[in-house]
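**Q** Contents are compact mmCIF, C-alpha atoms and all ligand atoms; file name target38.txt:
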```
# COMPACT_ATOMS: atom_id res chain seq x y z
CA MET A 343 0.00 0.00 0.00
CA ASN A 344 1.48 3.38 -0.91
CA ARG A 345 0.95 6.62 0.97
CA ASP A 346 -1.93 7.81 -1.20
CA GLN A 347 -3.89 4.65 -0.57
CA ALA A 348 -3.20 4.77 3.16
CA ASP A 349 -4.75 8.21 3.07
CA ASN A 350 -7.85 6.98 1.27
CA ARG A 351 -10.98 8.37 2.91
CA LEU A 352 -13.08 5.70 1.17
CA LEU A 353 -11.48 3.19 3.52
CA THR A 354 -12.38 4.97 6.76
CA PRO A 355 -15.25 3.65 8.91
CA PHE A 356 -18.58 5.43 9.16
CA THR A 357 -21.50 4.93 11.51
CA LEU A 358 -24.88 5.51 9.88
CA ASN A 359 -27.20 7.09 12.41
CA ALA A 360 -25.92 5.03 15.35
CA ALA A 361 -27.43 1.69 14.31
CA LEU A 362 -25.27 0.55 11.40
CA ARG A 363 -21.48 0.58 11.44
CA ALA A 364 -19.77 0.45 8.07
CA ASN A 365 -16.08 -0.54 8.05
CA ASN A 366 -15.52 1.67 5.02
CA ARG A 367 -17.42 4.09 2.77
CA ILE A 368 -17.90 1.62 -0.06
CA ALA A 369 -21.41 0.21 -0.53
CA LEU A 370 -22.53 -2.67 -2.72
CA ALA A 371 -25.29 -1.12 -4.85
CA PRO A 372 -28.51 -3.13 -5.12
CA MET A 373 -28.33 -5.28 -8.25
CA THR A 374 -30.92 -7.67 -9.60
CA ARG A 375 -29.00 -10.75 -10.74
CA ALA A 376 -31.96 -13.09 -11.32
CA ARG A 377 -30.52 -16.28 -9.82
CA ALA A 378 -33.36 -17.06 -7.38
CA GLY A 379 -35.31 -19.44 -9.64
CA ARG A 380 -39.01 -19.48 -10.41
CA HIS A 381 -40.07 -19.75 -6.77
CA ARG A 382 -37.94 -16.69 -5.98
CA ILE A 383 -36.15 -18.37 -3.09
CA PRO A 384 -32.59 -17.23 -2.25
CA ASN A 385 -30.15 -20.16 -2.49
CA GLY A 386 -26.62 -21.28 -1.70
CA LEU A 387 -25.18 -19.74 -4.86
CA MET A 388 -26.57 -16.35 -3.84
CA ALA A 389 -25.16 -16.81 -0.33
CA GLU A 390 -21.75 -17.37 -1.90
CA TYR A 391 -22.08 -14.33 -4.22
CA TYR A 392 -22.91 -12.02 -1.32
CA ARG A 393 -20.28 -13.56 0.98
CA GLN A 394 -17.63 -12.78 -1.63
CA ARG A 395 -18.59 -9.07 -1.46
CA ALA A 396 -18.87 -8.82 2.34
CA SER A 397 -15.87 -6.50 2.73
CA ALA A 398 -18.07 -3.66 1.44
CA GLY A 399 -18.86 -1.29 4.30
CA LEU A 400 -22.57 -1.66 3.54
CA MET A 401 -24.28 -4.22 1.34
CA ILE A 402 -27.66 -3.65 -0.21
CA SER A 403 -29.35 -6.72 -1.62
CA GLU A 404 -30.83 -7.01 -5.06
CA ALA A 405 -34.38 -5.69 -5.28
CA THR A 406 -36.72 -8.16 -3.57
CA VAL A 407 -40.46 -8.18 -4.17
CA VAL A 408 -42.75 -7.64 -1.20
CA SER A 409 -45.74 -9.44 -2.77
CA THR A 410 -46.70 -11.49 -5.82
CA GLN A 411 -48.46 -8.39 -7.18
CA GLY A 412 -45.11 -6.57 -7.08
CA ILE A 413 -43.25 -9.08 -9.30
CA GLY A 414 -41.86 -7.76 -12.59
CA TRP A 415 -38.62 -9.61 -13.22
CA VAL A 416 -37.85 -13.21 -14.14
CA ASP A 417 -36.18 -15.18 -11.29
CA SER A 418 -35.70 -12.24 -8.92
CA PRO A 419 -36.11 -13.10 -5.21
CA GLY A 420 -39.10 -12.39 -2.95
CA ILE A 421 -39.72 -11.90 0.75
CA TYR A 422 -43.39 -12.86 1.06
CA SER A 423 -43.12 -16.59 1.84
CA ASP A 424 -41.58 -18.61 4.67
CA ALA A 425 -39.29 -20.42 2.23
CA GLN A 426 -37.97 -17.10 0.90
CA THR A 427 -37.39 -15.84 4.44
CA GLU A 428 -35.45 -19.02 5.24
CA GLY A 429 -33.45 -18.66 2.02
CA TRP A 430 -32.49 -15.11 2.92
CA LYS A 431 -31.51 -16.28 6.41
CA ARG A 432 -28.88 -18.49 4.80
CA VAL A 433 -27.56 -15.54 2.74
CA VAL A 434 -27.42 -13.17 5.72
CA THR A 435 -25.74 -15.79 7.91
CA SER A 436 -22.92 -16.23 5.41
CA VAL A 437 -22.54 -12.44 5.06
CA HIS A 438 -22.47 -11.91 8.83
CA ARG A 439 -19.88 -14.67 9.28
CA ALA A 440 -17.72 -12.78 6.79
CA GLY A 441 -18.18 -9.54 8.78
CA GLY A 442 -20.63 -7.83 6.41
CA VAL A 443 -23.57 -5.52 7.15
CA MET A 444 -26.52 -6.11 4.83
CA LEU A 445 -29.88 -4.50 4.13
CA LEU A 446 -32.69 -5.98 2.05
CA GLN A 447 -33.98 -3.79 -0.76
CA LEU A 448 -37.80 -3.84 -0.78
CA TRP A 449 -39.42 -3.72 -4.23
CA HIS A 450 -42.76 -3.44 -5.96
CA CYS A 451 -42.51 -3.05 -9.72
CA GLY A 452 -45.90 -1.42 -10.26
CA ARG A 453 -46.43 -0.84 -13.99
CA ALA A 454 -42.95 -2.21 -14.84
CA SER A 455 -44.50 -5.65 -14.80
CA HIS A 456 -46.77 -7.95 -16.82
CA SER A 457 -49.87 -9.96 -15.92
CA THR A 458 -48.08 -13.24 -16.74
CA PHE A 459 -45.88 -12.72 -13.66
CA HIS A 460 -48.89 -12.83 -11.35
CA LEU A 461 -51.88 -14.36 -13.06
CA GLU A 462 -53.77 -14.52 -9.76
CA ASP A 463 -53.35 -10.74 -9.27
CA GLY A 464 -54.31 -9.70 -12.82
CA ALA A 465 -52.92 -6.66 -14.59
CA PRO A 466 -49.93 -4.75 -13.21
CA VAL A 467 -50.94 -1.94 -10.85
CA ALA A 468 -49.84 1.69 -10.83
CA PRO A 469 -51.01 5.09 -9.61
CA SER A 470 -52.61 5.76 -13.02
CA PRO A 471 -53.37 3.71 -16.16
CA ILE A 472 -50.34 4.89 -18.14
CA ALA A 473 -48.24 2.22 -19.86
CA ILE A 474 -44.47 2.38 -20.16
CA GLN A 475 -43.41 3.52 -23.61
CA GLY A 476 -40.54 1.21 -24.36
CA ASP A 477 -39.29 -1.93 -26.01
CA GLY A 478 -41.31 -4.27 -23.83
CA ILE A 479 -40.54 -6.57 -20.95
CA GLN A 480 -39.02 -10.02 -20.45
CA THR A 481 -41.73 -12.21 -18.91
CA PRO A 482 -42.23 -15.90 -18.02
CA VAL A 483 -43.70 -16.30 -21.54
CA GLY A 484 -40.96 -14.42 -23.37
CA HIS A 485 -40.64 -10.81 -24.46
CA GLN A 486 -43.98 -8.96 -24.37
CA PRO A 487 -45.21 -5.41 -24.97
CA TYR A 488 -45.94 -3.38 -21.83
CA GLU A 489 -49.57 -3.51 -20.67
CA VAL A 490 -51.69 -0.61 -19.52
CA PRO A 491 -51.65 -0.92 -15.71
CA ARG A 492 -54.72 -0.81 -13.50
CA ALA A 493 -54.90 2.23 -11.21
CA LEU A 494 -54.89 1.17 -7.55
CA GLU A 495 -58.05 2.07 -5.61
CA THR A 496 -57.43 4.46 -2.73
CA GLU A 497 -58.02 1.73 -0.10
CA GLU A 498 -55.69 -0.66 -1.94
CA VAL A 499 -52.80 1.77 -1.62
CA LEU A 500 -52.72 1.20 2.14
CA GLN A 501 -52.72 -2.55 1.58
CA VAL A 502 -49.63 -2.20 -0.58
CA ALA A 503 -47.92 -0.19 2.15
CA ASP A 504 -48.85 -3.00 4.53
CA ALA A 505 -47.10 -5.52 2.25
CA TYR A 506 -43.91 -3.49 2.83
CA ARG A 507 -44.50 -3.74 6.57
CA HIS A 508 -44.84 -7.53 6.38
CA ALA A 509 -41.71 -7.70 4.23
CA ALA A 510 -39.76 -5.58 6.74
CA LYS A 511 -40.84 -7.94 9.50
CA ARG A 512 -39.65 -10.93 7.49
CA ALA A 513 -36.36 -9.14 6.73
CA LEU A 514 -35.71 -8.91 10.46
CA GLN A 515 -36.63 -12.58 10.90
CA ALA A 516 -34.08 -13.42 8.21
CA GLY A 517 -31.45 -11.51 10.19
CA PHE A 518 -30.95 -8.47 7.95
CA ASP A 519 -29.43 -5.39 9.59
CA GLY A 520 -32.16 -3.26 8.05
CA VAL A 521 -33.99 -2.55 4.81
CA GLU A 522 -33.72 -0.15 1.92
CA ILE A 523 -37.01 1.09 0.45
CA HIS A 524 -36.61 1.09 -3.34
CA GLY A 525 -38.06 4.40 -4.40
CA ALA A 526 -35.90 4.67 -7.53
CA ASN A 527 -35.76 3.66 -11.20
CA GLY A 528 -39.41 3.99 -12.19
CA TYR A 529 -40.88 1.31 -9.94
CA LEU A 530 -44.10 1.73 -7.96
CA ILE A 531 -42.94 4.32 -5.40
CA ASP A 532 -41.26 6.42 -8.11
CA GLN A 533 -44.43 6.10 -10.21
CA PHE A 534 -46.42 7.63 -7.35
CA LEU A 535 -43.85 10.38 -6.74
CA GLN A 536 -43.55 11.65 -10.27
CA SER A 537 -46.09 13.75 -12.18
CA ARG A 538 -45.25 11.85 -15.38
CA THR A 539 -46.89 8.70 -14.03
CA ASN A 540 -49.26 9.94 -11.33
CA ARG A 541 -52.46 11.61 -12.57
CA ARG A 542 -54.60 10.64 -9.58
CA MET A 543 -57.29 12.88 -8.14
CA ASP A 544 -57.41 11.34 -4.66
CA ARG A 545 -55.13 11.94 -1.65
CA TYR A 546 -52.28 10.13 -3.45
CA GLY A 547 -52.17 12.43 -6.49
CA GLY A 548 -52.31 16.00 -7.71
CA SER A 549 -50.04 18.01 -5.42
CA ILE A 550 -46.43 17.07 -4.66
CA GLU A 551 -47.50 16.44 -1.04
CA ASN A 552 -50.08 13.94 -2.26
CA ARG A 553 -47.71 12.21 -4.66
CA TYR A 554 -45.20 11.81 -1.82
CA ARG A 555 -47.84 10.33 0.52
CA PHE A 556 -47.41 6.73 -0.70
CA LEU A 557 -43.70 6.76 0.12
CA ASP A 558 -44.50 8.31 3.48
CA ASP A 559 -47.06 5.58 4.21
CA ILE A 560 -44.41 2.98 3.42
CA VAL A 561 -41.77 4.62 5.61
CA GLN A 562 -44.29 4.68 8.46
CA ALA A 563 -45.27 1.05 7.86
CA VAL A 564 -41.66 -0.14 7.78
CA THR A 565 -40.57 1.94 10.77
CA SER A 566 -43.40 0.40 12.77
CA GLU A 567 -41.37 -2.85 12.51
CA MET A 568 -37.82 -1.55 13.02
CA PRO A 569 -36.07 1.65 14.11
CA ALA A 570 -35.81 4.33 11.42
CA ALA A 571 -32.03 4.19 11.89
CA ARG A 572 -32.13 0.78 10.18
CA VAL A 573 -34.14 1.99 7.20
CA GLY A 574 -32.72 3.64 4.07
CA VAL A 575 -34.56 5.09 1.08
CA ARG A 576 -33.30 5.08 -2.51
CA LEU A 577 -34.36 7.73 -5.04
CA SER A 578 -33.28 8.49 -8.62
CA PRO A 579 -34.12 12.14 -9.33
CA ASN A 580 -32.20 12.24 -12.62
CA GLY A 581 -33.18 8.83 -13.98
CA VAL A 582 -34.90 7.94 -17.21
CA PHE A 583 -35.02 4.14 -16.72
CA ASN A 584 -38.55 2.69 -17.10
CA ASP A 585 -39.69 5.76 -19.06
CA MET A 586 -39.35 8.23 -16.19
CA GLY A 587 -38.47 11.91 -15.83
CA SER A 588 -40.91 14.72 -14.95
CA PRO A 589 -40.68 18.46 -15.62
CA ASP A 590 -41.09 19.19 -11.88
CA PHE A 591 -38.45 16.67 -10.82
CA ARG A 592 -36.46 19.18 -8.77
CA GLU A 593 -39.43 20.33 -6.64
CA THR A 594 -40.66 16.75 -6.25
CA PHE A 595 -37.41 15.24 -5.04
CA THR A 596 -36.45 18.23 -2.91
CA PHE A 597 -39.79 17.93 -1.13
CA ALA A 598 -39.42 14.17 -0.68
CA ALA A 599 -35.93 14.58 0.82
CA GLN A 600 -37.18 17.32 3.17
CA GLN A 601 -39.97 15.09 4.40
CA LEU A 602 -37.75 12.03 4.77
CA ASP A 603 -35.36 14.14 6.84
CA ARG A 604 -37.87 14.07 9.71
CA TYR A 605 -37.52 10.34 10.31
CA GLY A 606 -33.88 9.95 11.34
CA LEU A 607 -33.36 7.33 8.63
CA ALA A 608 -30.16 5.31 8.25
CA TYR A 609 -29.54 7.18 5.00
CA LEU A 610 -30.85 8.60 1.78
CA HIS A 611 -29.38 6.79 -1.23
CA LEU A 612 -29.34 8.82 -4.43
CA VAL A 613 -28.61 7.66 -7.93
CA ASP A 614 -27.12 11.08 -8.63
CA GLY A 615 -24.75 10.01 -11.41
CA LEU A 616 -25.97 10.01 -14.98
CA ALA A 617 -24.29 6.78 -16.03
CA PHE A 618 -27.55 4.83 -15.96
CA GLY A 619 -29.45 7.37 -18.09
CA PHE A 620 -30.55 11.00 -17.63
CA HIS A 621 -33.92 12.54 -18.50
CA ARG A 622 -32.39 15.90 -19.56
CA LEU A 623 -35.34 17.90 -18.22
CA GLY A 624 -33.08 20.42 -16.47
CA GLU A 625 -29.75 20.54 -14.68
CA PRO A 626 -29.20 17.20 -12.91
CA MET A 627 -29.77 17.19 -9.16
CA THR A 628 -26.58 16.89 -7.13
CA LEU A 629 -25.67 15.40 -3.77
CA THR A 630 -24.71 18.88 -2.55
CA GLU A 631 -28.24 20.07 -3.31
CA PHE A 632 -29.69 17.20 -1.26
CA ARG A 633 -27.30 17.91 1.62
CA ARG A 634 -29.07 21.25 2.12
CA VAL A 635 -32.41 19.60 2.84
CA PHE A 636 -31.48 16.14 4.14
CA HIS A 637 -29.26 16.12 7.19
CA GLY A 638 -28.73 12.37 7.69
CA PRO A 639 -26.16 10.19 5.92
CA LEU A 640 -26.10 10.36 2.11
CA ILE A 641 -25.04 7.61 -0.28
CA GLY A 642 -24.21 8.57 -3.86
CA ASN A 643 -24.23 6.21 -6.83
CA GLY A 644 -23.99 6.04 -10.57
CA GLY A 645 -20.84 5.83 -12.65
CA TYR A 646 -18.42 6.46 -9.79
CA THR A 647 -14.82 5.29 -10.04
CA PRO A 648 -12.61 4.84 -6.98
CA ALA A 649 -11.11 8.29 -7.73
CA THR A 650 -14.42 10.16 -8.14
CA ALA A 651 -15.85 8.35 -5.11
CA GLU A 652 -12.85 9.39 -3.04
CA ALA A 653 -13.33 13.00 -4.19
CA ALA A 654 -17.04 12.93 -3.23
CA ILE A 655 -16.24 11.67 0.28
CA ARG A 656 -13.37 14.10 0.68
CA GLU A 657 -15.38 17.16 -0.34
CA GLY A 658 -18.21 16.02 1.92
CA SER A 659 -20.94 15.66 -0.68
CA ALA A 660 -21.46 11.97 0.21
CA ASP A 661 -20.83 9.75 3.25
CA LEU A 662 -20.71 6.53 1.26
CA ILE A 663 -20.58 5.72 -2.44
CA ALA A 664 -22.35 2.68 -3.84
CA PHE A 665 -20.76 0.76 -6.69
CA GLY A 666 -22.90 -1.35 -8.99
CA ARG A 667 -21.29 -2.65 -12.17
CA PRO A 668 -17.72 -2.60 -10.76
CA TYR A 669 -18.93 -5.03 -8.08
CA ILE A 670 -20.16 -7.59 -10.60
CA SER A 671 -16.61 -8.35 -11.76
CA ASN A 672 -14.66 -7.23 -8.64
CA PRO A 673 -15.92 -9.10 -5.57
CA ASP A 674 -12.83 -7.79 -3.73
CA LEU A 675 -13.39 -4.17 -4.76
CA VAL A 676 -12.45 -2.90 -1.28
CA GLU A 677 -9.16 -4.80 -1.23
CA ARG A 678 -8.32 -3.68 -4.76
CA ILE A 679 -8.88 -0.06 -3.79
CA ALA A 680 -6.92 -0.48 -0.56
CA GLN A 681 -3.96 -2.07 -2.32
CA GLY A 682 -4.07 0.05 -5.46
CA TRP A 683 -4.62 -3.06 -7.57
CA PRO A 684 -6.27 -2.67 -10.98
CA LEU A 685 -10.00 -3.30 -11.35
CA ALA A 686 -11.25 -6.07 -13.61
CA PRO A 687 -13.18 -4.71 -16.62
CA ASP A 688 -16.97 -4.54 -16.38
CA ALA A 689 -18.73 -7.83 -17.05
CA PRO A 690 -20.69 -8.11 -20.32
CA MET A 691 -24.41 -7.38 -20.03
CA ASP A 692 -25.35 -10.90 -21.07
CA VAL A 693 -24.28 -12.24 -17.66
CA TRP A 694 -26.22 -9.65 -15.64
CA TYR A 695 -29.46 -11.62 -15.46
CA MET A 696 -28.48 -15.08 -16.68
CA PRO A 697 -30.41 -17.93 -15.05
CA ASN A 698 -27.26 -19.93 -14.33
CA PRO A 699 -24.02 -19.66 -12.35
CA ARG A 700 -21.84 -18.33 -15.17
CA GLY A 701 -20.79 -14.70 -14.72
CA TYR A 702 -22.05 -14.58 -11.15
CA ALA A 703 -20.01 -15.95 -8.22
CA ASP A 704 -17.10 -16.95 -10.46
CA PHE A 705 -15.20 -13.66 -10.76
CA PRO A 706 -11.74 -14.16 -9.21
CA ILE A 707 -10.21 -12.01 -6.50
CA TYR A 708 -6.99 -10.23 -7.46
CA ARG A 709 -3.79 -12.20 -7.08
C1 LIG B 801 -27.32 -5.78 -13.34
C2 LIG B 801 -27.91 -4.59 -12.65
C3 LIG B 801 -29.00 -4.78 -11.82
C4 LIG B 801 -29.54 -3.71 -11.10
N1 LIG B 801 -30.56 -3.93 -10.22
C5 LIG B 801 -30.97 -2.94 -9.40
C6 LIG B 801 -31.84 -3.21 -8.31
O1 LIG B 801 -32.25 -4.36 -8.08
N2 LIG B 801 -32.21 -2.17 -7.52
C7 LIG B 801 -31.77 -0.89 -7.75
O2 LIG B 801 -32.14 0.02 -7.01
N3 LIG B 801 -30.91 -0.61 -8.75
C8 LIG B 801 -30.48 -1.60 -9.55
N4 LIG B 801 -29.53 -1.35 -10.51
C9 LIG B 801 -28.91 -0.03 -10.59
C10 LIG B 801 -27.62 -0.01 -9.77
O3 LIG B 801 -27.89 -0.11 -8.38
C11 LIG B 801 -26.84 1.30 -10.00
O4 LIG B 801 -27.68 2.39 -9.70
C12 LIG B 801 -26.35 1.43 -11.44
O5 LIG B 801 -25.69 0.24 -11.85
C13 LIG B 801 -25.37 2.61 -11.58
O6 LIG B 801 -24.26 2.44 -10.71
P1 LIG B 801 -22.84 1.92 -11.30
O7 LIG B 801 -22.43 2.93 -12.36
O8 LIG B 801 -21.91 1.91 -10.12
O9 LIG B 801 -23.07 0.59 -11.91
C14 LIG B 801 -29.01 -2.40 -11.27
C15 LIG B 801 -27.93 -2.22 -12.14
C16 LIG B 801 -27.38 -3.30 -12.82
C17 LIG B 801 -26.18 -3.07 -13.70
```
Give the structure from this file in structure tokens form.

**A**
Amino acid sequence: MNRDQADNRLLTPFTLNAALRANNRIALAPMTRARAGRHRIPNGLMAEYYRQRASAGLMISEATVVSTQGIGWVDSPGIYSDAQTEGWKRVVTSVHRAGGVMLLQLWHCGRASHSTFHLEDGAPVAPSPIAIQGDGIQTPVGHQPYEVPRALETEEVLQVADAYRHAAKRALQAGFDGVEIHGANGYLIDQFLQSRTNRRMDRYGGSIENRYRFLDDIVQAVTSEMPAARVGVRLSPNGVFNDMGSPDFRETFTFAAQQLDRYGLAYLHLVDGLAFGFHRLGEPMTLTEFRRVFHGPLIGNGGYTPATAEAAIREGSADLIAFGRPYISNPDLVERIAQGWPLAPDAPMDVWYMPNPRGYADFPIYR
């Protein structure tokens, strides 16, 4: 290790709101890897994949559906059955043995889904009946066009929030150190937040306050099961994924961050970088901008390199930086950064969601 690396702020510990202690400022970003099989039960291969990455200061699991209605991805895991809870227990046990701290990312896909994922639940649900404009979706019966979702009834919205509460309870039973509420990337919470996808006239639509209400209901539901200091929220104010981006994005996300600030959450996790797509509806929102309204820990993400992550920690715009794609091919990312070893190139996209072990837990550590 040379002097520069010894001085690396990314490698210093950080305590997130008292409850979670990260050994360094490097987080494993949540990444759907689609290895859980058709019953969506975490398995030994997944336990090995996460164990390999346990030197990250904070690990966030792949997005995990809170109910069958929330499913929108082939072979992604769930947290609504006993078998899934047991499967996750095995994953968390192997991570804890390796010294890791891990949160479960809670997911409901909303309109980014297809009825063939949940025949018993019918059409995908959303705040409003607006279909995604895009290439279509990979489903259990192959590639299909997006469907027009069914707008949730007002009373149903509370039931969905309750599914998050049940999922949070199961996450604790599985041994997770906390949960991250997935409010990013055009899934159900983001669909409620943004004017592009929310045209409701009830208490969950219209004003920014009303569009935020669904996320607030979920935060309240989840924090009724565990302390707020074990709960993070992820938002993507600049994102375009899943046909998102609203003209009033800045007001919307500033308001959401202000409101979330009241809870004493573990952190706010922002996909601030533009590497995963940018809607170009104004100047991108920055971590510094969020710092003014959110006073708890901030995690940045999106296209960071070890050097740009170090700069963000050093200048104080972020407390941790989450790495996504670099973690697919560098299970020992922390050690590589600590030792100044080169990073392996990004893995090809065709291994991201492959239903088999190749390109998953088989990336070597540096030697
Ligand atoms: C294979 C893959 C799967 C992903 N799955 C999720 C997910 O489950 N939940 C989520 O919030 N973001 C997900 N993302 C987005 C990443 O968390 C991250 O925001 C994105 O990769 C940009 O960060 P990076 O440049 O460090 O890769 C995924 C990204 C990739 C590449």

**Q** Kindly provide the residues of chain A that approach ligand LIG 801 (chain B) to within 7 Å, each paired with its closest atom pair and their distance in Å to one decimal, based on all atoms listed in the file, listed by chain and increasing number, as JSON lines.

**A**
```
{"residue": "A:Ala371", "atom": "CA", "partner": "B:LIG801", "partner_atom": "O3", "distance": 4.5}
{"residue": "A:Pro372", "atom": "CA", "partner": "B:LIG801", "partner_atom": "O3", "distance": 4.5}
{"residue": "A:Met373", "atom": "CA", "partner": "B:LIG801", "partner_atom": "N1", "distance": 3.3}
{"residue": "A:Thr374", "atom": "CA", "partner": "B:LIG801", "partner_atom": "N1", "distance": 3.8}
{"residue": "A:Arg375", "atom": "CA", "partner": "B:LIG801", "partner_atom": "C1", "distance": 5.9}
{"residue": "A:Glu404", "atom": "CA", "partner": "B:LIG801", "partner_atom": "O1", "distance": 4.3}
{"residue": "A:Ala405", "atom": "CA", "partner": "B:LIG801", "partner_atom": "O1", "distance": 3.8}
{"residue": "A:His524", "atom": "CA", "partner": "B:LIG801", "partner_atom": "O2", "distance": 5.9}
{"residue": "A:Ala526", "atom": "CA", "partner": "B:LIG801", "partner_atom": "O2", "distance": 6.0}
{"residue": "A:Asn527", "atom": "CA", "partner": "B:LIG801", "partner_atom": "O2", "distance": 6.6}
{"residue": "A:Arg576", "atom": "CA", "partner": "B:LIG801", "partner_atom": "O2", "distance": 6.9}
{"residue": "A:Val613", "atom": "CA", "partner": "B:LIG801", "partner_atom": "O4", "distance": 5.6}
{"residue": "A:Ala617", "atom": "CA", "partner": "B:LIG801", "partner_atom": "O7", "distance": 5.6}
{"residue": "A:Phe618", "atom": "CA", "partner": "B:LIG801", "partner_atom": "C13", "distance": 5.4}
{"residue": "A:Asn643", "atom": "CA", "partner": "B:LIG801", "partner_atom": "O6", "distance": 5.4}
{"residue": "A:Gly644", "atom": "CA", "partner": "B:LIG801", "partner_atom": "O6", "distance": 3.6}
{"residue": "A:Gly645", "atom": "CA", "partner": "B:LIG801", "partner_atom": "O7", "distance": 3.3}
{"residue": "A:Tyr646", "atom": "CA", "partner": "B:LIG801", "partner_atom": "O8", "distance": 5.7}
{"residue": "A:Ala664", "atom": "CA", "partner": "B:LIG801", "partner_atom": "O8", "distance": 6.3}
{"residue": "A:Phe665", "atom": "CA", "partner": "B:LIG801", "partner_atom": "O8", "distance": 3.8}
{"residue": "A:Gly666", "atom": "CA", "partner": "B:LIG801", "partner_atom": "O9", "distance": 3.5}
{"residue": "A:Arg667", "atom": "CA", "partner": "B:LIG801", "partner_atom": "O9", "distance": 3.7}
{"residue": "A:Pro668", "atom": "CA", "partner": "B:LIG801", "partner_atom": "O8", "distance": 6.2}
{"residue": "A:Trp694", "atom": "CA", "partner": "B:LIG801", "partner_atom": "C1", "distance": 4.6}
{"residue": "A:Tyr695", "atom": "CA", "partner": "B:LIG801", "partner_atom": "C1", "distance": 6.6}
```

**Q** Could you give me, as an MDAnalysis selection string, the residues within 8 Å of stretch 455-471 of chain A, counting all atoms listed in the file and dropping anything in the same chain fewer than 2 positions from it?

**A** chainID A and resid 410:415 451:453 473 479 481:483 488:494 530 533:534 539:542

**Q** Generate a file of the selected residues that holds C-alpha atoms, formatted as a PDB file, keeping the file's coordinate frame.

**A**
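Okay, out14.pdb is ready:
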```
ATOM      1  CA  THR A 410     -46.700 -11.490  -5.820  1.00  0.00           C
ATOM      2  CA  GLN A 411     -48.460  -8.390  -7.180  1.00  0.00           C
ATOM      3  CA  GLY A 412     -45.110  -6.570  -7.080  1.00  0.00           C
ATOM      4  CA  ILE A 413     -43.250  -9.080  -9.300  1.00  0.00           C
ATOM      5  CA  GLY A 414     -41.860  -7.760 -12.590  1.00  0.00           C
ATOM      6  CA  TRP A 415     -38.620  -9.610 -13.220  1.00  0.00           C
ATOM      7  CA  CYS A 451     -42.510  -3.050  -9.720  1.00  0.00           C
ATOM      8  CA  GLY A 452     -45.900  -1.420 -10.260  1.00  0.00           C
ATOM      9  CA  ARG A 453     -46.430  -0.840 -13.990  1.00  0.00           C
ATOM     10  CA  ALA A 473     -48.240   2.220 -19.860  1.00  0.00           C
ATOM     11  CA  ILE A 479     -40.540  -6.570 -20.950  1.00  0.00           C
ATOM     12  CA  THR A 481     -41.730 -12.210 -18.910  1.00  0.00           C
ATOM     13  CA  PRO A 482     -42.230 -15.900 -18.020  1.00  0.00           C
ATOM     14  CA  VAL A 483     -43.700 -16.300 -21.540  1.00  0.00           C
ATOM     15  CA  TYR A 488     -45.940  -3.380 -21.830  1.00  0.00           C
ATOM     16  CA  GLU A 489     -49.570  -3.510 -20.670  1.00  0.00           C
ATOM     17  CA  VAL A 490     -51.690  -0.610 -19.520  1.00  0.00           C
ATOM     18  CA  PRO A 491     -51.650  -0.920 -15.710  1.00  0.00           C
ATOM     19  CA  ARG A 492     -54.720  -0.810 -13.500  1.00  0.00           C
ATOM     20  CA  ALA A 493     -54.900   2.230 -11.210  1.00  0.00           C
ATOM     21  CA  LEU A 494     -54.890   1.170  -7.550  1.00  0.00           C
ATOM     22  CA  LEU A 530     -44.100   1.730  -7.960  1.00  0.00           C
ATOM     23  CA  GLN A 533     -44.430   6.100 -10.210  1.00  0.00           C
ATOM     24  CA  PHE A 534     -46.420   7.630  -7.350  1.00  0.00           C
ATOM     25  CA  THR A 539     -46.890   8.700 -14.030  1.00  0.00           C
ATOM     26  CA  ASN A 540     -49.260   9.940 -11.330  1.00  0.00           C
ATOM     27  CA  ARG A 541     -52.460  11.610 -12.570  1.00  0.00           C
ATOM     28  CA  ARG A 542     -54.600  10.640  -9.580  1.00  0.00           C
TER      29      ARG A 542
END
```

**Q** Check the smallest atom-to-atom distance from each of A:Gly682, A:Pro690, A:Gly624, A:Gly441 to A:Ile670 using all atoms listed in the file, then report the winner.

**A**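 Of A:Gly682, A:Pro690, A:Gly624, A:Gly441, the one nearest A:Ile670 is A:Pro690, counting all atoms listed in the file.
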
**Q** Considering all atoms listed in the file, can you say which of A:Gly379, A:Gly399, A:Gly429, A:Pro487 comes closest to A:Ile641?

**A**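 Looking only at the distances to A:Ile641, the closest residue turns out to be A:Gly399.
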
**Q** With 6 Å added on each side, what axis-aligned box encloses every listed atom of stretch 426-429 of chain A? Give the centre and edge lengths in Å to one decimal, as AutoDock Vina command-line options.

**A**
```
--center_x -35.7 --center_y -17.4 --center_z 3.1 --size_x 16.5 --size_y 15.2 --size_z 16.3
```

**Q** Taking all atoms listed in the file into account, which of A:Ala598, A:Val443, A:Leu662, A:Val573 comes nearest A:Tyr392?

**A** A:Val443

**Q** Ranking A:Met388, A:Leu353, A:Leu640, A:Leu362 by minimum distance to A:Asn698 and counting all atoms listed in the file, which one comes first?

**A** A:Met388

**Q** Please indicate the distance in Å from atom CA of A:Tyr529 to atom CA of A:Asn584, rounded to one decimal place.

**A**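 Going from atom CA of A:Tyr529 over to atom CA of A:Asn584, I get 7.7 Å.
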
**Q** Take atom CA of A:Arg377 and atom CA of A:Ser418 and report the distance between them in Å, one decimal.

**A**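 Here the two named atoms are 6.6 Å from each other.
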